[in-house]
Structures are given as structure tokens and as C-alpha cells.
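Take a look at the structure below.
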Amino acid sequence: MERELHIDKGAYEEIIDHAKEAYPHECCGILLGDGKRRHVRRVRRAENIFKERLRDRYSIDPKDILEAEREARREGLEILGFYHSHPDHPPRPSSFDREMAWPLYSYIIVGVNRGDTEVRSWWIEDEQGGFKEERIEVEV
């Protein structure tokens with residue numbers, strides 16, 4: 001099954017800005033948007049609470065996810081997935097990313113290397129499956 005994720009240009013730029021600001025640590029956040037169209041309208045930054053390994057791990061506080069869910073509902077949106085960065089590594093999911101991933105959500109990863117960025121998005125179909133890449137369509 002091939003998938004595509006649409007994202008507003010401002011939200012896309014916010015993710016890249018967050019990744020650059022957090023460097024050399026991993027940043028993370030939540031994708032909010034229209035689930036039927038798989039269209040990210042905006043992002044919500046989250047604090048990386050994996051303090052012991054900020055350079056190569058991330059974890060979003062469940063309270064942030066709950067608040068994002070409430071916020072999305074108020075705005076007629078839903079959580080479509082999450083984003084995080086990989087400082088000095090390519091934007092491919094790690095084994096840790098796979099262990100933490102939930103099926104059907106999108107996972108945008110930003111590789112940040114000396115200020116250069118590469119952005120890719122991934123998803124898993126079910127609990128047993130591996131990550132599959134999905135195309136990102138930035139909307140102006």
C-alpha cells in the first residue's frame with residue numbers, strides 16, 4: 001500500500017526549524033491535521049523527555065500527546081503522527097524508532113548534518129511490520 005502525506009508549507013518549515021534549533025539533540029513534536037486527506041495543517045512542538053540520550057533518542061511526554069489530542073479535537077483536527085530529528089544521521093528509522101512506533105501514524109524524520117537537512121516520512125501498517133516510506137507533498 002503506497003501512501004502520501006500532505007503538509008502545509010508553514011508546518012513543514014516549522015519542523016525543519018525545530019530540528020535545526022535542537023541540534024545536536026533530537027527534537028520531537030506532533031503532527032495535527034485532516035485525517036481523511038492525510039494533510040498536516042500544523043505541528044505542535046513537544047519536549048524530548050528522554051534526557052539520558054538526547055543525541056539519539058526521543059520520547060514525548062504522554063501529557064503532551066493528551067493535550068495535543070484535546071487541542072486537535074477543539075479545532076476539528078486529529079493527530080496524524082509525530083516528527084523527530086536525527087542529528088548527524090540520515091532520516092531513516094532506527095530500531096528504537098520501530099520499537100516505539102504505533103501503526104498507521106506518520107513519522108517524519110529530519111536528518112540534520114552541519115545545518116543541511118533531509119526530510120522523509122515513514123509509517124507501519126501493523127504491529128509486526130517494518131517501516132514503509134511515504135511520499136511527502138508540501139502544499140503552498
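Following the order of the C-alpha cells, first chain is A, next is B, and so on, with residues numbered from 1 inside each chain and ligands from 1 in the order they appear.
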Find the residues of stretch 79-133 of chain A that sit at most 12 Å from stretch 24-45 of chain A; for each, write down the nearest two atoms and how far apart they are in Å, to one decimal. Count only C-alpha atoms. Sort by chain, then by number going up, and give it as a tab-separated table.
residue	atom	partner	partner_atom	distance
A:Ile79	CA	A:Leu32	CA	4.7
A:Leu80	CA	A:Leu31	CA	5.4
A:Gly81	CA	A:Leu31	CA	5.1
A:Phe82	CA	A:Ile30	CA	4.4
A:Tyr83	CA	A:Gly29	CA	5.3
A:His84	CA	A:Cys28	CA	4.1
A:Ser85	CA	A:Glu26	CA	5.0
A:His86	CA	A:Glu26	CA	6.0
A:Pro87	CA	A:Pro24	CA	5.6
A:Asp88	CA	A:Pro24	CA	7.9
A:His89	CA	A:Glu26	CA	10.7
A:Pro91	CA	A:Glu26	CA	11.7
A:Leu104	CA	A:Arg38	CA	10.9
A:Tyr105	CA	A:Leu31	CA	9.5
A:Ser106	CA	A:Leu31	CA	8.3
A:Tyr107	CA	A:Leu31	CA	8.8
A:Ile108	CA	A:Leu31	CA	8.9
A:Ile109	CA	A:Cys28	CA	9.2
A:Val110	CA	A:Cys27	CA	9.3
A:Gly111	CA	A:Glu26	CA	9.7
A:Val112	CA	A:Pro24	CA	8.4
A:Asn113	CA	A:Pro24	CA	9.1
A:Arg114	CA	A:Pro24	CA	9.3
A:Gly115	CA	A:Pro24	CA	10.2
A:Ser121	CA	A:Leu31	CA	11.6
Using only C-alpha atoms, which residues sit within 6 Å of stretch 48-50 of chain A once same-chain residues fewer than 5 positions away are excluded, as a JSON list (two decimals) with C-alpha atoms, in the first residue's frame?
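Saved as part-v8.json:
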[["chain", "number", "residue", "atom", "x", "y", "z"],
["A", 58, "TYR", "CA", 13.34, 10.88, 21.83],
["A", 59, "SER", "CA", 10.23, 10.39, 23.88],
["A", 60, "ILE", "CA", 7.17, 12.63, 24.04]]
For A:Glu125, work out the shell of residues within 9 Å, counting only C-alpha atoms and skipping chain neighbours fewer than 3 positions away, then give it as an NGL selection string. :A and (1 or 102-105 or 128-132)
Need to verify the contact set: A:Ala101, 9 Å, only C-alpha atoms, exclusion of same-chain residues closer than 4 positions in sequence. Can you return it as a ChimeraX atom specification? /A:96-97,105,107,123-124,127
Apply DSSP to the structure's backbone, then extract all residues of chain A labelled alpha helix (DSSP H) and return them as a ChimeraX atom specification. /A:9-22,62-74,95-100
Output for the residues just chosen: N, CA and C atoms as a short mmCIF file (atom, residue, chain, number, x, y, z; two decimals), in the first residue's frame:
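Ended up saving to result_9.cif:
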data_model
loop_
_atom_site.label_atom_id
_atom_site.label_comp_id
_atom_site.auth_asym_id
_atom_site.auth_seq_id
_atom_site.Cartn_x
_atom_site.Cartn_y
_atom_site.Cartn_z
N LYS A 9 3.09 24.17 3.96
CA LYS A 9 4.47 24.65 3.89
C LYS A 9 4.95 25.20 5.24
N GLY A 10 4.09 25.96 5.92
CA GLY A 10 4.47 26.53 7.21
C GLY A 10 4.77 25.47 8.25
N ALA A 11 3.98 24.41 8.27
CA ALA A 11 4.20 23.31 9.21
C ALA A 11 5.50 22.58 8.88
N TYR A 12 5.75 22.37 7.59
CA TYR A 12 6.97 21.72 7.13
C TYR A 12 8.21 22.53 7.56
N GLU A 13 8.14 23.83 7.34
CA GLU A 13 9.25 24.70 7.73
C GLU A 13 9.44 24.73 9.24
N GLU A 14 8.35 24.69 10.00
CA GLU A 14 8.43 24.66 11.46
C GLU A 14 9.19 23.42 11.94
N ILE A 15 8.94 22.27 11.31
CA ILE A 15 9.62 21.04 11.68
C ILE A 15 11.13 21.18 11.44
N ILE A 16 11.49 21.72 10.27
CA ILE A 16 12.91 21.90 9.95
C ILE A 16 13.56 22.89 10.90
N ASP A 17 12.88 24.00 11.19
CA ASP A 17 13.42 25.00 12.13
C ASP A 17 13.64 24.37 13.51
N HIS A 18 12.68 23.58 13.97
CA HIS A 18 12.79 22.94 15.28
C HIS A 18 14.00 21.99 15.30
N ALA A 19 14.17 21.23 14.24
CA ALA A 19 15.30 20.30 14.17
C ALA A 19 16.64 21.03 14.21
N LYS A 20 16.74 22.14 13.50
CA LYS A 20 17.98 22.92 13.50
C LYS A 20 18.24 23.56 14.86
N GLU A 21 17.18 24.07 15.49
CA GLU A 21 17.33 24.71 16.81
C GLU A 21 17.77 23.70 17.87
N ALA A 22 17.26 22.49 17.80
CA ALA A 22 17.56 21.48 18.82
C ALA A 22 18.94 20.84 18.63
N PRO A 62 3.49 11.71 27.60
CA PRO A 62 2.09 11.36 27.31
C PRO A 62 1.12 12.53 27.57
N LYS A 63 1.46 13.40 28.53
CA LYS A 63 0.62 14.57 28.80
C LYS A 63 0.58 15.50 27.59
N ASP A 64 1.71 15.63 26.88
CA ASP A 64 1.76 16.46 25.67
C ASP A 64 0.86 15.86 24.59
N ILE A 65 0.87 14.55 24.47
CA ILE A 65 0.03 13.88 23.47
C ILE A 65 -1.45 14.08 23.81
N LEU A 66 -1.79 13.94 25.08
CA LEU A 66 -3.17 14.14 25.51
C LEU A 66 -3.63 15.57 25.25
N GLU A 67 -2.78 16.54 25.57
CA GLU A 67 -3.12 17.94 25.33
C GLU A 67 -3.26 18.22 23.83
N ALA A 68 -2.38 17.63 23.03
CA ALA A 68 -2.46 17.80 21.57
C ALA A 68 -3.76 17.20 21.04
N GLU A 69 -4.16 16.07 21.60
CA GLU A 69 -5.42 15.43 21.19
C GLU A 69 -6.61 16.34 21.49
N ARG A 70 -6.62 16.93 22.68
CA ARG A 70 -7.70 17.86 23.05
C ARG A 70 -7.71 19.09 22.14
N GLU A 71 -6.52 19.64 21.92
CA GLU A 71 -6.36 20.81 21.07
C GLU A 71 -6.86 20.51 19.65
N ALA A 72 -6.46 19.38 19.11
CA ALA A 72 -6.86 18.98 17.77
C ALA A 72 -8.37 18.84 17.68
N ARG A 73 -8.96 18.18 18.65
CA ARG A 73 -10.41 17.97 18.65
C ARG A 73 -11.15 19.31 18.64
N ARG A 74 -10.66 20.27 19.46
CA ARG A 74 -11.29 21.60 19.50
C ARG A 74 -11.25 22.28 18.13
N SER A 95 16.13 1.17 15.00
CA SER A 95 15.42 0.06 15.64
C SER A 95 14.62 0.58 16.85
N PHE A 96 15.16 1.59 17.55
CA PHE A 96 14.42 2.19 18.66
C PHE A 96 13.14 2.86 18.15
N ASP A 97 13.25 3.56 17.02
CA ASP A 97 12.06 4.20 16.42
C ASP A 97 10.99 3.15 16.14
N ARG A 98 11.42 1.99 15.64
CA ARG A 98 10.45 0.93 15.31
C ARG A 98 9.79 0.38 16.57
N GLU A 99 10.57 0.20 17.63
CA GLU A 99 10.01 -0.31 18.89
C GLU A 99 8.94 0.62 19.45
N MET A 100 9.10 1.90 19.24
CA MET A 100 8.20 2.89 19.82
C MET A 100 7.02 3.27 18.92
#
DSSP on the backbone, then: every residue of chain A marked strand (DSSP E or B), written as a ChimeraX atom specification. /A:4-8,28-34,39-46,48,60,78-87,106-113,116-123,132-139
Restricted to C-alpha atoms, what would the selected residues look like written as a PDB file, in the first residue's frame?
ATOM      1  CA  GLU A   4       1.257  10.088   0.648  1.00  0.00           C
ATOM      2  CA  LEU A   5       1.329  12.704   3.389  1.00  0.00           C
ATOM      3  CA  HIS A   6       0.343  16.287   2.548  1.00  0.00           C
ATOM      4  CA  ILE A   7       1.733  19.042   4.739  1.00  0.00           C
ATOM      5  CA  ASP A   8       1.264  22.809   4.746  1.00  0.00           C
ATOM      6  CA  CYS A  28      10.223  15.946  18.599  1.00  0.00           C
ATOM      7  CA  GLY A  29       6.666  17.041  18.023  1.00  0.00           C
ATOM      8  CA  ILE A  30       3.170  16.128  16.956  1.00  0.00           C
ATOM      9  CA  LEU A  31       1.508  16.362  13.527  1.00  0.00           C
ATOM     10  CA  LEU A  32      -2.052  17.750  13.556  1.00  0.00           C
ATOM     11  CA  GLY A  33      -4.342  17.757  10.561  1.00  0.00           C
ATOM     12  CA  ASP A  34      -7.114  16.361   8.432  1.00  0.00           C
ATOM     13  CA  HIS A  39      -2.997  16.566   5.411  1.00  0.00           C
ATOM     14  CA  VAL A  40      -0.879  18.088   8.190  1.00  0.00           C
ATOM     15  CA  ARG A  41      -2.185  21.591   8.900  1.00  0.00           C
ATOM     16  CA  ARG A  42       0.134  22.402  11.779  1.00  0.00           C
ATOM     17  CA  VAL A  43       2.613  20.943  14.202  1.00  0.00           C
ATOM     18  CA  ARG A  44       2.908  21.115  17.944  1.00  0.00           C
ATOM     19  CA  ARG A  45       6.400  21.101  19.414  1.00  0.00           C
ATOM     20  CA  ALA A  46       6.981  18.718  22.297  1.00  0.00           C
ATOM     21  CA  ASN A  48      12.074  15.464  24.429  1.00  0.00           C
ATOM     22  CA  ILE A  60       7.174  12.630  24.035  1.00  0.00           C
ATOM     23  CA  GLU A  78      -6.643  14.908  14.682  1.00  0.00           C
ATOM     24  CA  ILE A  79      -3.177  13.604  15.449  1.00  0.00           C
ATOM     25  CA  LEU A  80      -1.743  12.210  12.216  1.00  0.00           C
ATOM     26  CA  GLY A  81       1.635  11.270  13.631  1.00  0.00           C
ATOM     27  CA  PHE A  82       4.869  12.563  15.051  1.00  0.00           C
ATOM     28  CA  TYR A  83       8.163  14.051  13.968  1.00  0.00           C
ATOM     29  CA  HIS A  84      11.691  13.952  15.305  1.00  0.00           C
ATOM     30  CA  SER A  85      15.218  14.655  14.159  1.00  0.00           C
ATOM     31  CA  HIS A  86      18.337  12.564  13.688  1.00  0.00           C
ATOM     32  CA  PRO A  87      21.386  14.740  14.414  1.00  0.00           C
ATOM     33  CA  SER A 106       3.125   9.029  10.087  1.00  0.00           C
ATOM     34  CA  TYR A 107       6.653   9.516  11.409  1.00  0.00           C
ATOM     35  CA  ILE A 108       8.536  12.400   9.833  1.00  0.00           C
ATOM     36  CA  ILE A 109      12.278  12.251  10.441  1.00  0.00           C
ATOM     37  CA  VAL A 110      14.629  15.160   9.754  1.00  0.00           C
ATOM     38  CA  GLY A 111      18.288  14.313   9.258  1.00  0.00           C
ATOM     39  CA  VAL A 112      20.390  17.299  10.341  1.00  0.00           C
ATOM     40  CA  ASN A 113      24.046  17.381   9.391  1.00  0.00           C
ATOM     41  CA  ASP A 116      21.883  20.671   5.998  1.00  0.00           C
ATOM     42  CA  THR A 117      18.580  18.840   6.323  1.00  0.00           C
ATOM     43  CA  GLU A 118      16.867  15.928   4.622  1.00  0.00           C
ATOM     44  CA  VAL A 119      13.224  15.124   5.423  1.00  0.00           C
ATOM     45  CA  ARG A 120      11.467  11.794   4.941  1.00  0.00           C
ATOM     46  CA  SER A 121       8.276  10.250   6.281  1.00  0.00           C
ATOM     47  CA  TRP A 122       7.569   6.676   7.347  1.00  0.00           C
ATOM     48  CA  TRP A 123       4.681   4.535   8.624  1.00  0.00           C
ATOM     49  CA  LYS A 132       7.498   1.859   4.818  1.00  0.00           C
ATOM     50  CA  GLU A 133       8.342   5.211   3.314  1.00  0.00           C
ATOM     51  CA  GLU A 134       5.523   7.549   2.347  1.00  0.00           C
ATOM     52  CA  ARG A 135       5.799  10.418  -0.074  1.00  0.00           C
ATOM     53  CA  ILE A 136       5.654  13.960   1.356  1.00  0.00           C
ATOM     54  CA  GLU A 137       3.757  16.562  -0.630  1.00  0.00           C
ATOM     55  CA  VAL A 138       4.410  20.101   0.640  1.00  0.00           C
ATOM     56  CA  GLU A 139       1.406  22.360  -0.036  1.00  0.00           C
TER      57      GLU A 139
END
Quick one: distance from atom CA of A:Val140 to atom CA of A:Pro90 in Å, one decimal? 25.8 Å
